[in-house]
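S.K.: I am sharing run-v9.cif, which consists of mmCIF, C-alpha atoms:
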```cif
data_coords
loop_
_atom_site.label_atom_id
_atom_site.label_comp_id
_atom_site.auth_asym_id
_atom_site.auth_seq_id
_atom_site.Cartn_x
_atom_site.Cartn_y
_atom_site.Cartn_z
CA MET A 12 150.64 102.65 116.17
CA PRO A 13 147.94 102.92 113.51
CA ARG A 14 145.14 105.30 114.33
CA ALA A 15 141.76 103.81 115.10
CA ILE A 16 139.22 104.24 112.33
CA GLU A 17 136.56 106.68 113.38
CA SER A 18 133.00 105.91 112.33
CA SER A 19 129.86 107.98 112.55
CA PRO A 20 127.17 106.67 114.89
CA PRO A 21 124.21 105.09 113.06
CA THR A 22 121.09 107.19 112.83
CA ALA A 23 117.90 106.20 114.62
CA ASN A 24 116.15 105.63 111.28
CA LEU A 25 118.93 103.32 110.08
CA LEU A 26 118.78 101.29 113.29
CA LEU A 27 115.00 101.03 113.06
CA GLU A 28 115.20 99.86 109.45
CA GLU A 29 117.82 97.25 110.37
CA ILE A 30 115.85 95.93 113.34
CA THR A 31 112.67 95.70 111.25
CA HIS A 32 114.58 93.91 108.49
CA ARG A 33 115.95 91.37 110.96
CA VAL A 34 112.57 90.75 112.60
CA ASN A 35 111.04 90.23 109.14
CA ASN A 36 113.74 87.67 108.43
CA GLU A 37 113.01 85.87 111.70
CA PHE A 38 109.30 85.70 110.88
CA THR A 39 110.12 84.34 107.43
CA ALA A 40 112.43 81.70 108.93
CA ALA A 41 109.85 80.64 111.52
CA ILE A 42 107.09 80.37 108.91
CA GLY A 43 109.39 78.39 106.63
CA MET A 44 110.36 75.97 109.40
CA LEU A 45 106.74 75.30 110.41
CA SER A 46 105.66 74.93 106.79
CA LEU A 47 108.43 72.41 106.14
CA THR A 48 107.56 70.50 109.32
CA ALA A 49 103.90 70.33 108.29
CA ALA A 50 104.80 69.16 104.78
CA ARG A 51 107.08 66.39 106.08
CA SER A 52 104.80 65.16 108.85
CA LEU A 53 102.93 61.89 108.26
CA ASN A 54 100.55 62.70 111.11
CA ASN A 55 97.35 64.40 109.95
CA GLU A 56 96.70 65.84 113.43
CA VAL A 57 100.14 67.46 113.52
CA ARG A 58 99.63 69.01 110.08
CA ALA A 59 96.19 70.26 111.06
CA ALA A 60 97.58 71.83 114.25
CA LEU A 61 100.42 73.59 112.43
CA VAL A 62 98.22 75.25 109.78
CA PRO A 63 96.62 77.85 112.14
CA ALA A 64 100.03 78.53 113.72
CA ILE A 65 101.51 79.26 110.30
CA GLU A 66 98.55 81.49 109.42
CA HIS A 67 98.93 83.34 112.73
CA LEU A 68 102.59 84.08 112.02
CA HIS A 69 101.72 85.23 108.49
CA ASN A 70 99.19 87.71 109.92
CA HIS A 71 101.67 89.12 112.44
CA ALA A 72 104.28 89.46 109.69
CA ARG A 73 101.68 91.34 107.65
CA VAL A 74 101.23 93.85 110.49
CA LEU A 75 104.99 94.29 110.74
CA ARG A 76 105.27 94.97 107.00
CA ALA A 77 102.47 97.55 107.22
CA LEU A 78 104.29 99.31 110.07
CA GLN A 79 107.65 99.28 108.32
CA MET A 80 109.24 102.69 107.82
CA PRO A 81 108.73 103.79 104.20
CA ALA A 82 111.79 103.87 101.97
CA LYS A 83 110.58 107.01 100.17
CA ASP A 84 108.53 109.87 101.58
CA GLN A 85 106.22 110.12 98.59
CA PHE A 86 102.48 110.81 98.59
CA ILE A 87 100.34 107.69 98.97
CA ASP A 88 96.70 106.67 99.38
CA ALA A 89 96.43 106.99 103.16
CA ALA A 90 92.94 105.47 103.28
CA LYS A 91 94.15 102.34 101.49
CA TYR A 92 97.16 102.12 103.81
CA VAL A 93 95.01 102.33 106.96
CA ARG A 94 92.46 99.87 105.54
CA GLU A 95 95.18 97.28 104.91
CA LEU A 96 96.67 97.88 108.36
CA CYS A 97 93.23 97.39 109.97
CA GLU A 98 92.75 94.12 108.11
CA ALA A 99 96.14 92.87 109.30
CA ILE A 100 95.51 93.88 112.93
CA SER A 101 92.08 92.23 112.86
CA LEU A 102 93.47 88.93 111.64
CA SER A 103 96.50 88.89 113.94
CA LYS A 104 95.14 90.33 117.21
CA LEU A 105 91.40 90.89 117.36
CA ARG A 106 89.60 88.01 115.68
CA VAL A 107 90.63 85.49 118.33
CA HIS A 108 89.17 87.76 121.04
CA ASP A 109 85.89 88.36 119.14
CA VAL A 110 86.65 92.06 118.65
CA GLU A 111 85.55 93.68 115.37
CA LEU A 112 87.59 96.52 113.88
CA ILE A 113 85.64 98.87 111.59
CA PHE A 114 87.31 101.46 109.38
CA VAL A 115 85.10 104.31 108.13
CA GLU A 116 86.96 105.27 104.98
CA HIS A 117 87.24 108.67 103.29
CA GLN A 118 89.51 109.57 100.39
CA LEU A 119 92.78 110.98 101.69
CA THR A 120 96.31 111.37 100.33
CA LEU A 121 99.23 111.86 102.72
CA ARG A 122 102.99 111.64 102.66
CA ALA A 123 104.24 108.09 103.27
CA GLU A 124 106.00 109.10 106.50
CA GLN A 125 102.85 110.78 107.82
CA SER A 126 100.86 107.64 107.01
CA TRP A 127 103.47 105.48 108.73
CA ARG A 128 103.39 107.58 111.91
CA LEU A 129 99.59 107.56 111.79
CA GLY A 130 99.67 103.78 111.41
CA MET A 131 101.90 103.44 114.47
CA ILE A 132 99.48 105.60 116.47
CA LEU A 133 96.45 103.59 115.37
CA PHE A 134 98.21 100.32 116.13
CA GLU A 135 98.90 101.47 119.69
CA LEU A 136 95.36 102.81 120.18
CA VAL A 137 93.76 99.59 118.93
CA THR A 138 96.17 97.42 120.92
CA ASN A 139 95.47 99.38 124.11
CA ALA A 140 91.71 99.13 123.55
CA SER A 141 91.80 95.39 122.92
CA ARG A 142 93.97 94.86 125.99
CA HIS A 143 92.19 97.09 128.51
CA ALA A 144 88.62 97.67 127.32
CA PHE A 145 87.37 94.17 126.59
CA GLY A 146 87.01 91.08 128.70
CA ARG A 147 84.70 88.25 129.58
CA GLY A 148 81.03 89.05 129.94
CA ARG A 149 81.22 92.36 128.04
CA GLY A 150 79.69 91.07 124.82
CA ARG A 151 81.08 91.49 121.33
CA GLY A 152 83.73 94.16 121.18
CA VAL A 153 83.76 96.82 118.48
CA ILE A 154 86.53 99.30 117.69
CA GLN A 155 85.88 101.93 115.03
CA ILE A 156 88.36 104.18 113.22
CA GLU A 157 87.33 107.13 111.09
CA LEU A 158 89.91 109.13 109.14
CA LEU A 159 89.14 112.22 107.07
CA LYS A 160 90.37 115.62 105.92
CA SER A 161 88.61 118.61 107.47
CA GLY A 162 89.76 121.94 106.09
CA ASP A 163 93.48 122.31 106.75
CA TRP A 164 93.52 119.40 109.20
CA VAL A 165 93.50 115.63 109.14
CA LYS A 166 91.19 114.26 111.80
CA CYS A 167 91.06 110.74 113.14
CA CYS A 168 88.62 109.32 115.67
CA VAL A 169 89.01 105.94 117.38
CA THR A 170 86.11 104.68 119.50
CA ASP A 171 85.26 101.42 121.24
CA ASN A 172 82.34 99.98 123.17
CA GLY A 173 84.50 98.50 125.91
CA SER A 174 84.87 99.45 129.53
CA ALA A 175 88.12 100.91 130.83
CA ALA A 176 89.26 99.91 134.31
CA ASN A 177 88.63 102.47 137.03
CA LYS A 178 92.29 102.45 138.05
CA TRP A 179 93.70 102.49 134.51
CA GLN A 180 96.91 104.49 134.27
CA PRO A 181 98.67 105.64 131.08
CA GLY A 182 101.67 103.48 130.28
CA ARG A 183 104.40 103.15 127.69
CA GLY A 184 101.91 102.83 124.84
CA THR A 185 100.29 106.15 125.74
CA LYS A 186 103.68 107.87 125.83
CA ILE A 187 104.48 106.47 122.38
CA ILE A 188 101.15 107.72 121.04
CA ARG A 189 101.63 111.26 122.35
CA SER A 190 105.20 111.42 121.06
CA LEU A 191 104.11 110.32 117.58
CA VAL A 192 101.22 112.80 117.54
CA GLN A 193 103.63 115.60 118.49
CA SER A 194 105.96 114.54 115.67
CA LEU A 195 103.05 115.14 113.28
CA GLY A 196 102.53 118.61 114.75
CA GLY A 197 99.14 117.52 116.07
CA GLU A 198 97.23 116.95 119.27
CA ILE A 199 95.16 114.17 120.80
CA THR A 200 92.51 113.90 123.51
CA GLN A 201 91.33 110.66 125.08
CA ARG A 202 88.33 109.87 127.27
CA PHE A 203 87.66 106.57 129.01
CA GLY A 204 84.42 105.35 130.55
CA ILE A 205 82.40 102.28 131.48
CA HIS A 206 80.39 102.53 128.26
CA GLY A 207 83.27 103.07 125.88
CA SER A 208 86.32 105.14 125.08
CA ILE A 209 87.18 107.71 122.45
CA ALA A 210 90.42 109.16 121.10
CA MET A 211 90.28 112.30 118.94
CA MET A 212 93.42 113.20 117.02
CA SER A 213 94.19 115.96 114.52
CA PHE A 214 97.29 117.16 112.68
CA PRO A 215 97.98 119.68 109.88
CA TYR A 216 97.23 118.61 106.33
CA VAL A 217 99.92 119.33 103.75
CA SER A 218 98.86 119.08 100.11
CA TYR A 219 101.13 117.86 97.34
CA ALA A 220 101.41 121.38 95.88
CA HIS A 221 102.28 122.87 99.27
CA SER A 222 104.85 120.13 99.84
CA ILE A 223 106.56 120.99 96.53
CA GLN A 224 106.67 124.68 97.50
CA ILE A 225 108.29 123.82 100.85
CA HIS A 226 110.82 121.56 99.15
CA LEU A 227 111.77 124.26 96.62
CA ALA A 228 112.08 126.89 99.33
CA GLN A 229 114.33 124.65 101.45
CA ASN A 230 116.63 123.93 98.50
CA GLU A 231 116.73 127.46 97.10
CA PRO A 232 120.23 129.04 97.19
CA ASP A 233 120.46 131.91 99.67
CA GLY A 234 121.57 134.30 96.96
CA SER A 235 118.48 133.74 94.86
CA ARG A 236 115.96 134.42 97.62
CA ARG A 237 113.99 137.56 97.30
CA ASN A 238 113.89 140.06 100.08
#
```
Since I need it in another form, could you write the structure as structure tokens?
M.R.:
Amino acid sequence: MPRAIESSPPTANLLLEEITHRVNNEFTAAIGMLSLTAARSLNNEVRAALVPAIEHLHNHARVLRALQMPAKDQFIDAAKYVRELCEAISLSKLRVHDVELIFVEHQLTLRAEQSWRLGMILFELVTNASRHAFGRGRGRGVIQIELLKSGDWVKCCVTDNGSAANKWQPGRGTKIIRSLVQSLGGEITQRFGIHGSIAMMSFPYVSYAHSIQIHLAQNEPDGSRRN
């Protein structure tokens, strides 16, 4: 009998890339179907109703693209990346609930993978705040993000003017946040209260020059290393 072909199990990164690719395709298909339906409809009310639905899907697809794992771990403008992510989250999640998302921007360059992990953390923090901190009768909601370099550390502060429930318990989102922060070699503290919440996060900053030194050291033949 012929021997079964052995195959290596797919890596977690490969699976994540494939899932993201497929979800992107599904969004594209859904947007295309609604757009075609709107174009073919002879009913003005139907076309008018489909336009915001198409826009809503576009905004969610924009968030998904921003949170897509980078193909190359090169240095990028982290402030620009976070600003674009905030704009996408605002349009897709917060605007309909009258919650304003403010990004206090400072110049910062990070590796693409660091920025991606940071983006995932911020997405979870903002989503949790919009879900738990705001409700009817609490006035206009405001969430603020500030990201900056401080010495050898990158610091990020997320605050809101909402009111956390007295019996709020950390869930899956909180576990994801802490796992991502640990993967950056950082730490995070969170405080919740009736007048607002705050999350303070920090992780080591690695400059481009330092990154090159690490890369050269990791790829240096053992025989050429100095004692």
S.K.: Can you turn the PyMOL selection byres ((chain A and resi 122) around 6) into a concrete residue list for this file, as an MDAnalysis selection string?
M.R.: chainID A and resid 84:86 121 123:125
S.K.: May I have the residues within 12 Å of Gly152 (chain A) as a PyMOL selection string, using all atoms listed in the file and disregarding those fewer than 3 positions away in the same chain?
M.R.: chain A and resi 101+105-113+137+140-149+155+170-174+206-208
S.K.: What separation in Å, quoted to one decimal, exists between CA of Asp88 (chain A) and CA of Thr120 (chain A)?
M.R.: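 Spanning CA of Asp88 (chain A) to CA of Thr120 (chain A) is a straight-line distance of 4.8 Å.
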S.K.: Identify which of the residues A:Phe214, A:Phe134, A:Tyr92, A:Phe203 lies closest to Gln118 (chain A), counting only C-alpha atoms when measuring atom-to-atom distances.
M.R.: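 Comparing A:Phe214, A:Phe134, A:Tyr92, A:Phe203 against Gln118 (chain A), the winner is A:Tyr92.
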S.K.: Enter the distance from CA of Arg58 (chain A) to CA of Met44 (chain A), in Å, rounded to one decimal.
M.R.: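 CA of Met44 (chain A) lies at a distance of 12.8 Å from CA of Arg58 (chain A).
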S.K.: Report, in Å with one decimal, the straight-line distance from CA of Arg183 (chain A) to CA of Arg151 (chain A).
M.R.: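 Computing the Euclidean distance for CA of Arg183 (chain A) and CA of Arg151 (chain A) yields 26.8 Å.
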S.K.: So which residues get picked by the PyMOL selection byres ((chain A and resi 188-195) around 8) here, written as JSON, numbers by chain?
M.R.: {"A": [125, 128, 129, 131, 132, 135, 136, 184, 185, 186, 187, 196, 197, 198, 199, 212, 214, 215]}
S.K.: Would you please work out which residue, of A:Val57, A:Ala77, A:Ile205, A:Ala50, is nearest to Glu98 (chain A) when using only C-alpha atoms?
M.R.: A:Ala77
S.K.: Take the point (99.1, 100.9, 103.9) in the file's coordinates, draw a sphere of radius 10 Å around it, and report as number ranges by chain every protein, DNA or RNA residue with an atom inside or on it, counting only C-alpha atoms.
M.R.: A: 74, 76-79, 87-97, 123, 126-127, 130
S.K.: Smallest atom-to-atom distance to Ile42 (chain A): which of A:Leu158, A:Leu68, A:Val153, A:Ile30, using only C-alpha atoms?
M.R.: A:Leu68
